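**Q** Below: one structure in structure tokens.
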Amino acid sequence: MARSLPPDCYVLGLQEIDQTQVALVGGKGAQLGELSRVEGIHVPAGYCVTTDAFRRIMAEVPSIDDLLDQLSRLNPDDRDAIRPLSAEIRSSVERVHIPDDLAAAITRPLARLEEEAAYAMRSSATAEDLPTASFAGQQDTYLNIVGPAAVLRHIRRCWASLFTDRAVTYRLRNGFDHRKVRMAVVVQQMVSSDAAGTLFTADAVTSNRKVATVEAGFGLGEALVSGLVNADVYQVRDGEIVEKRVATKQLAIEASPGGGTQERAIELELQEQPALTDAQAVQLAQLGRRIEAHFGRPQDIEWCLAGGGFQIVQSRPITTLFPVPEVDDGENHVYVSVGHQQMMTDAMKPLGLSVWLLTTPAPMVEAGGRLFVDVTRGLAAPASRDGYLDALGKSDPLIRDALQTVLDRGDFVPSLPDEGTGGPPAGGAPAPIETDPAIVAELIARSQESIAAVKRDIRTRSGSELFDFILEDLQEVKRLLFDPRSHQVITAVMDATWWLNEQLQAWLGEKNAADTLTQSAPGNVTSEMGLALLDVADVIRPRPAVVAFLRTVEDDGFLDELPRLAGGREARDAILAYLDKYGMRCVGEIDITRPRWSERPTALVPVLLGNIDNFEPGAGERRFAQGRQEAWKKEQEVLERLRALPDGERKAEETKRMIDRLRTFIGYREYPKYSMISRYFVYKQALLEEAERLVRDGVLREREDIYYLTFQELHDAARTRQVDDELIRLRREAFRAYQALTPPRVLTSDGEAVAGAYRREDVPAGALVGLPVSNGNVEGRARVVLDMTEADLEAGDILVTTYTDPSWSPLFVTIKGLVTEVGGQMTHGAVIAREYGLPAVVGVERATRLIRDGQRIRVNGTNGYVEIRS
């Protein structure tokens, strides 16, 4: 039996509560208590039944420990298992007898308020209405509850609602421990409202923080929440209605005289009357700004209008908004996503962000675990504006269109004189360079010598000396990355690509001719990486014991077990040789904290098994030879057709020079990043060794804590032997929240996520539009893959995913087409798709949600669209 506590431990009046008491009154209770303290904000009178009461009751539930153990082991996608177990727990909680002393404590405040009045009862979990997880709608609310007996009955229902299917699934999916989440219950006097609804202090669609959105309907707000009626919508900015949509409202939900609620049909002549006057909507938005200022972040507010005044019945932080970079200068700013350029739109941990910032010379700002470049000044001056738009448009047309949308408003980006604003992001055009493969060979040799030196010299460094060494070596990284000769080679590739595509379309009507001409170009370390894994599959395929073992692998230590199997030593050596060259790679590799293939070799096992199942021996060599032959045939065809034109010899000669230039330099396009990531892995191994020393010395709790410190903070920790554990904990929580957010391509300082559009009319009705990056048409089965390690591909599938960085290249040997949500003409996925001869369309907004796994689709990589066939 749980021991009883003093009655005042079970009940707190709202005026006694503030936002620090989440553990005692839950998120909703803490927010309401805090709201009741805000000047000018009216909250219905009430009290909170604390988590102490819930804890006492749960101790009386039969077999609760065993039931919660079973619940914690379930997969969040296993609805068939979650449903009956959740129902059993709810039933057990609802049947528990509330002891007399506890029942008296819970109902005693009713006499002070008004015992026979009606009450609204709201579940308030300790993991609810939090800054990083709203849990909105996960537990239950009951309206118009009359009398002490009904209040007690619904208290039990609120407690039980902690275990609704949706709440259990939400906790499992977001990593919340069922045992650590407790339930309080808010009991408030019921307000019979004339109108009710929601107020978002940021635009619910665009995320613009300066636009408040009011949704309103007649009666209680439940009609809107349950979707029974459409809401009137008012958008308010700077004290004015900037948009208003009045809906036809046929129903209202109202309190029933005997308790509960009932539907009421609205008279025909009132159905299209607005639920609020414009003045009331503006007043409500002003109240919202006051609440937002108190809590320090945008709010999702529930309100009701009764007797001509507004009462606030709930306020929670809006957790779905993408954060705004913290630049407190009062000026307007326009930001462009770095992740959309780097094919890495996932959230990055603080160490990853800081190392990347130390690597790039471009000034960047951080928001939501992502990096952005402030392009405001570049857009403000006419001389640099066109350069910015052209450069970004070639990379990603949606970014260009979004920026043009902002510019077209005319009043957001300031107008600046041309002087001193700088050029476009890519800088000035470099001097021409001769088409000489020796240039590439020299650049690669210098880079490899430099990496060998850092591997050798870093071994003897530790403590502050290690960090000083890395900081100094990062200057060498920048020197190599931004070497003028390297820049000349990459620019030559892009210029040759665009020249060939433009001229051959003009002369021959040939669209995207450069795509075929780049197939199997020499020296591309990323495409070679995919083919090399086919060679590893050739070593393993004839060894059935190894193949069978790999199908059962779950642990990253499997390489140590391979030598015990027949043929296992040869298999292990082949995998280790592959990892020695490519093991520094991984998905999201620009974040130094992400696990590399050498650290997590199981990531390669599904791809390796797919190669074993889908290909015959020698496939890698044949694939490369076939691509080279197709490129040669295309070259001969193009040159022959050109020679038949007027002035054909000159045109053919120019084209031949450009083809040679393209094929000589295109392989190097992938090398600078490979070199940088190789160095990152050297740094990471040294930093993790330093972390282990800090753990042994009691400075850190665990090795991976370093991921939640910036490079400078980690340097300080190594020097002072001290860290802020609370800072690490808060950053872990923030990172978990950031992972659920989708970064916009373009973001303004108002918080608005500006979406671009292709604005094309040359696509079939219903087709999904994107950017064509690799020529050809292909039809096949769509495989929607969000995690490379879970890819289950068969030969001929079309890969549909959010983005592809170099680590996805091993999958490209299996597929016959590619569709991504993010990408540009010269990003890694596009380059490799062309080298492998895969039709590809990138930048297809919401492709992974609009295309279902297994559907048959047709990819038009020439014109840039995707058709869903079945």
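By order of appearance in the structure tokens: chains A, B, ..., then residues from 1 within every chain, and ligands from 1 in the order shown.
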Once you count only C-alpha atoms, what closest atom pair and distance in Å to one decimal does each residue of segment 132-244 of chain A within 12 Å of segment 292-309 of chain A have, with rows by chain and rising residue number, as CSV?

**A**
```
residue,atom,partner,partner_atom,distance
A:Thr132,CA,A:Arg297,CA,11.7
A:Ser134,CA,A:Asp300,CA,9.8
A:Ala136,CA,A:Asp300,CA,9.9
A:Met190,CA,A:Cys304,CA,10.6
A:Val191,CA,A:Ala306,CA,7.1
A:Ser192,CA,A:Ala306,CA,6.7
A:Ser193,CA,A:Ala306,CA,4.7
A:Asp194,CA,A:Ala306,CA,5.6
A:Ala195,CA,A:Leu305,CA,5.2
A:Ala196,CA,A:Cys304,CA,4.1
A:Gly197,CA,A:Trp303,CA,5.7
A:Thr198,CA,A:Glu302,CA,4.5
A:Leu199,CA,A:Ile301,CA,5.0
A:Phe200,CA,A:Asp300,CA,4.8
A:Thr201,CA,A:Pro298,CA,5.5
A:Ala202,CA,A:Pro298,CA,6.2
A:Asp203,CA,A:Pro298,CA,9.9
A:Ala204,CA,A:Asp300,CA,9.5
A:Ser207,CA,A:Pro298,CA,9.8
A:Asn208,CA,A:Pro298,CA,10.3
A:Arg209,CA,A:Pro298,CA,7.4
A:Lys210,CA,A:Pro298,CA,10.0
A:Val211,CA,A:Pro298,CA,10.8
A:Ala212,CA,A:Pro298,CA,9.6
A:Thr213,CA,A:Asp300,CA,9.8
A:Val214,CA,A:Ile301,CA,9.4
A:Glu215,CA,A:Glu302,CA,9.6
A:Ala216,CA,A:Cys304,CA,9.0
A:Gly217,CA,A:Cys304,CA,9.7
A:Phe218,CA,A:Leu305,CA,9.4
A:Gly219,CA,A:Cys304,CA,8.5
A:Leu220,CA,A:Cys304,CA,7.4
A:Gly221,CA,A:Cys304,CA,7.4
A:Glu222,CA,A:Glu302,CA,10.5
A:Leu224,CA,A:Glu302,CA,10.9
A:Val225,CA,A:Glu302,CA,10.2
```

**Q** Please produce, as a tab-separated table, a per-residue contact table for segment 543-590 of chain A versus segment 771-787 of chain A (criterion: any atom at most 12 Å away, only C-alpha atoms considered), showing the nearest atom pair and its distance in Å to one decimal, sorted by chain then residue number.

**A**
```
residue	atom	partner	partner_atom	distance
A:Cys586	CA	A:Asp787	CA	11.4
A:Val587	CA	A:Asp787	CA	8.8
A:Gly588	CA	A:Asp787	CA	11.1
```

**Q** I need the residue nearest Thr277 of chain A from this list: A:Val373, A:Leu358, A:Leu747, A:Ile241. Use only C-alpha atoms for the distance.

**A**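 Checking each of A:Val373, A:Leu358, A:Leu747, A:Ile241 against Thr277 of chain A, counting only C-alpha atoms, the winner is A:Ile241.
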
**Q** Pick out each residue of segment 44-260 of chain A that DSSP on the backbone tags as strand (DSSP E or B); I need them as a VMD selection string.

**A** chain A and resid 46 to 49 118 to 125 141 to 146 183 to 189 195 to 200 211 to 219 232 to 237 240 to 245 251 to 255

**Q** List every residue of segment 159-309 of chain A that DSSP, applied to the backbone of this structure, assigns to helix (DSSP H, G or I), and report them as an MDAnalysis selection string.

**A** chainID A and resid 159:163 165:174 222:225 268:270 278:295

**Q** Give me a file of those residues, with C-alpha atoms, as an mmCIF file, in the first residue's frame.

**A**
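Wrote selection37.cif, looks like this:
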```
data_model
loop_
_atom_site.group_PDB
_atom_site.id
_atom_site.type_symbol
_atom_site.label_atom_id
_atom_site.label_comp_id
_atom_site.auth_asym_id
_atom_site.auth_seq_id
_atom_site.Cartn_x
_atom_site.Cartn_y
_atom_site.Cartn_z
ATOM 1 C CA TRP A 159 -5.228 9.154 -15.312
ATOM 2 C CA ALA A 160 -5.987 6.214 -17.574
ATOM 3 C CA SER A 161 -5.613 8.354 -20.694
ATOM 4 C CA LEU A 162 -1.857 8.390 -20.094
ATOM 5 C CA PHE A 163 -2.053 4.975 -21.742
ATOM 6 C CA ASP A 165 -2.733 3.984 -27.938
ATOM 7 C CA ARG A 166 -1.665 7.314 -29.402
ATOM 8 C CA ALA A 167 0.056 8.458 -26.186
ATOM 9 C CA VAL A 168 1.933 5.173 -25.799
ATOM 10 C CA THR A 169 3.031 5.245 -29.450
ATOM 11 C CA TYR A 170 4.147 8.878 -29.173
ATOM 12 C CA ARG A 171 6.289 8.109 -26.107
ATOM 13 C CA LEU A 172 7.820 5.014 -27.692
ATOM 14 C CA ARG A 173 8.645 6.950 -30.839
ATOM 15 C CA ASN A 174 10.147 9.909 -28.986
ATOM 16 C CA GLU A 222 -14.506 21.071 -29.528
ATOM 17 C CA ALA A 223 -16.349 21.504 -32.835
ATOM 18 C CA LEU A 224 -13.152 22.814 -34.401
ATOM 19 C CA VAL A 225 -10.820 20.354 -32.679
ATOM 20 C CA LEU A 268 -29.271 29.269 -41.562
ATOM 21 C CA GLU A 269 -29.040 33.045 -41.416
ATOM 22 C CA LEU A 270 -26.116 32.835 -38.933
ATOM 23 C CA ASP A 278 -12.298 42.215 -36.681
ATOM 24 C CA ALA A 279 -11.667 44.202 -33.510
ATOM 25 C CA GLN A 280 -12.036 41.066 -31.393
ATOM 26 C CA ALA A 281 -9.607 39.143 -33.607
ATOM 27 C CA VAL A 282 -7.046 41.944 -33.271
ATOM 28 C CA GLN A 283 -7.604 42.084 -29.499
ATOM 29 C CA LEU A 284 -7.099 38.327 -29.275
ATOM 30 C CA ALA A 285 -3.863 38.551 -31.268
ATOM 31 C CA GLN A 286 -2.643 41.224 -28.838
ATOM 32 C CA LEU A 287 -3.385 38.938 -25.903
ATOM 33 C CA GLY A 288 -1.443 36.236 -27.721
ATOM 34 C CA ARG A 289 1.576 38.527 -28.063
ATOM 35 C CA ARG A 290 1.440 39.186 -24.321
ATOM 36 C CA ILE A 291 1.404 35.455 -23.586
ATOM 37 C CA GLU A 292 4.182 34.820 -26.116
ATOM 38 C CA ALA A 293 6.341 37.510 -24.518
ATOM 39 C CA HIS A 294 5.817 35.969 -21.080
ATOM 40 C CA PHE A 295 6.861 32.476 -22.179
#
```

**Q** Separation of atom CA of Lys244 of chain A and atom CA of Ser315 of chain A, in Å?

**A** 23.1 Å

**Q** Return the single residue from A:Ser598, A:Thr360, A:Gln342, A:Ser91 that is closest to Asp580 of chain A, with distances computed using only C-alpha atoms.

**A** A:Ser598

**Q** Find the residues near Glu726 of chain A: any atom within 12 Å, counting only C-alpha atoms, skip ones fewer than 2 places away on the same chain, and give them as a PDB file with C-alpha atoms, in the first residue's frame.

**A**
```pdb
ATOM      1  CA  LEU A 700      32.732  13.415 -18.717  1.00  0.00           C
ATOM      2  CA  ARG A 701      30.025  10.881 -17.980  1.00  0.00           C
ATOM      3  CA  ASP A 705      29.095  13.712 -24.486  1.00  0.00           C
ATOM      4  CA  TYR A 708      27.138  18.129 -27.554  1.00  0.00           C
ATOM      5  CA  LEU A 709      30.009  20.569 -26.994  1.00  0.00           C
ATOM      6  CA  VAL A 723      32.303  20.487 -18.199  1.00  0.00           C
ATOM      7  CA  ASP A 724      28.752  21.696 -17.723  1.00  0.00           C
ATOM      8  CA  ILE A 728      25.102  18.746 -22.358  1.00  0.00           C
ATOM      9  CA  ARG A 729      21.701  17.483 -21.169  1.00  0.00           C
ATOM     10  CA  LEU A 730      19.854  20.483 -22.609  1.00  0.00           C
ATOM     11  CA  ARG A 731      21.641  20.163 -25.928  1.00  0.00           C
ATOM     12  CA  ARG A 732      20.756  16.487 -26.153  1.00  0.00           C
ATOM     13  CA  GLU A 733      17.102  17.421 -25.696  1.00  0.00           C
TER      14      GLU A 733
END
```

**Q** So, with only C-alpha atoms as the atoms that count, which of A:Ser63, A:Tyr738, A:Trp632, A:Asp805 lies closest to Pro323 of chain A?

**A** A:Tyr738

**Q** Please compute the atom CA of Arg760 of chain A-atom CA of Arg846 of chain A distance, one decimal, in Å.

**A**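 Straight-line distance from atom CA of Arg760 of chain A to atom CA of Arg846 of chain A works out to 17.5 Å.
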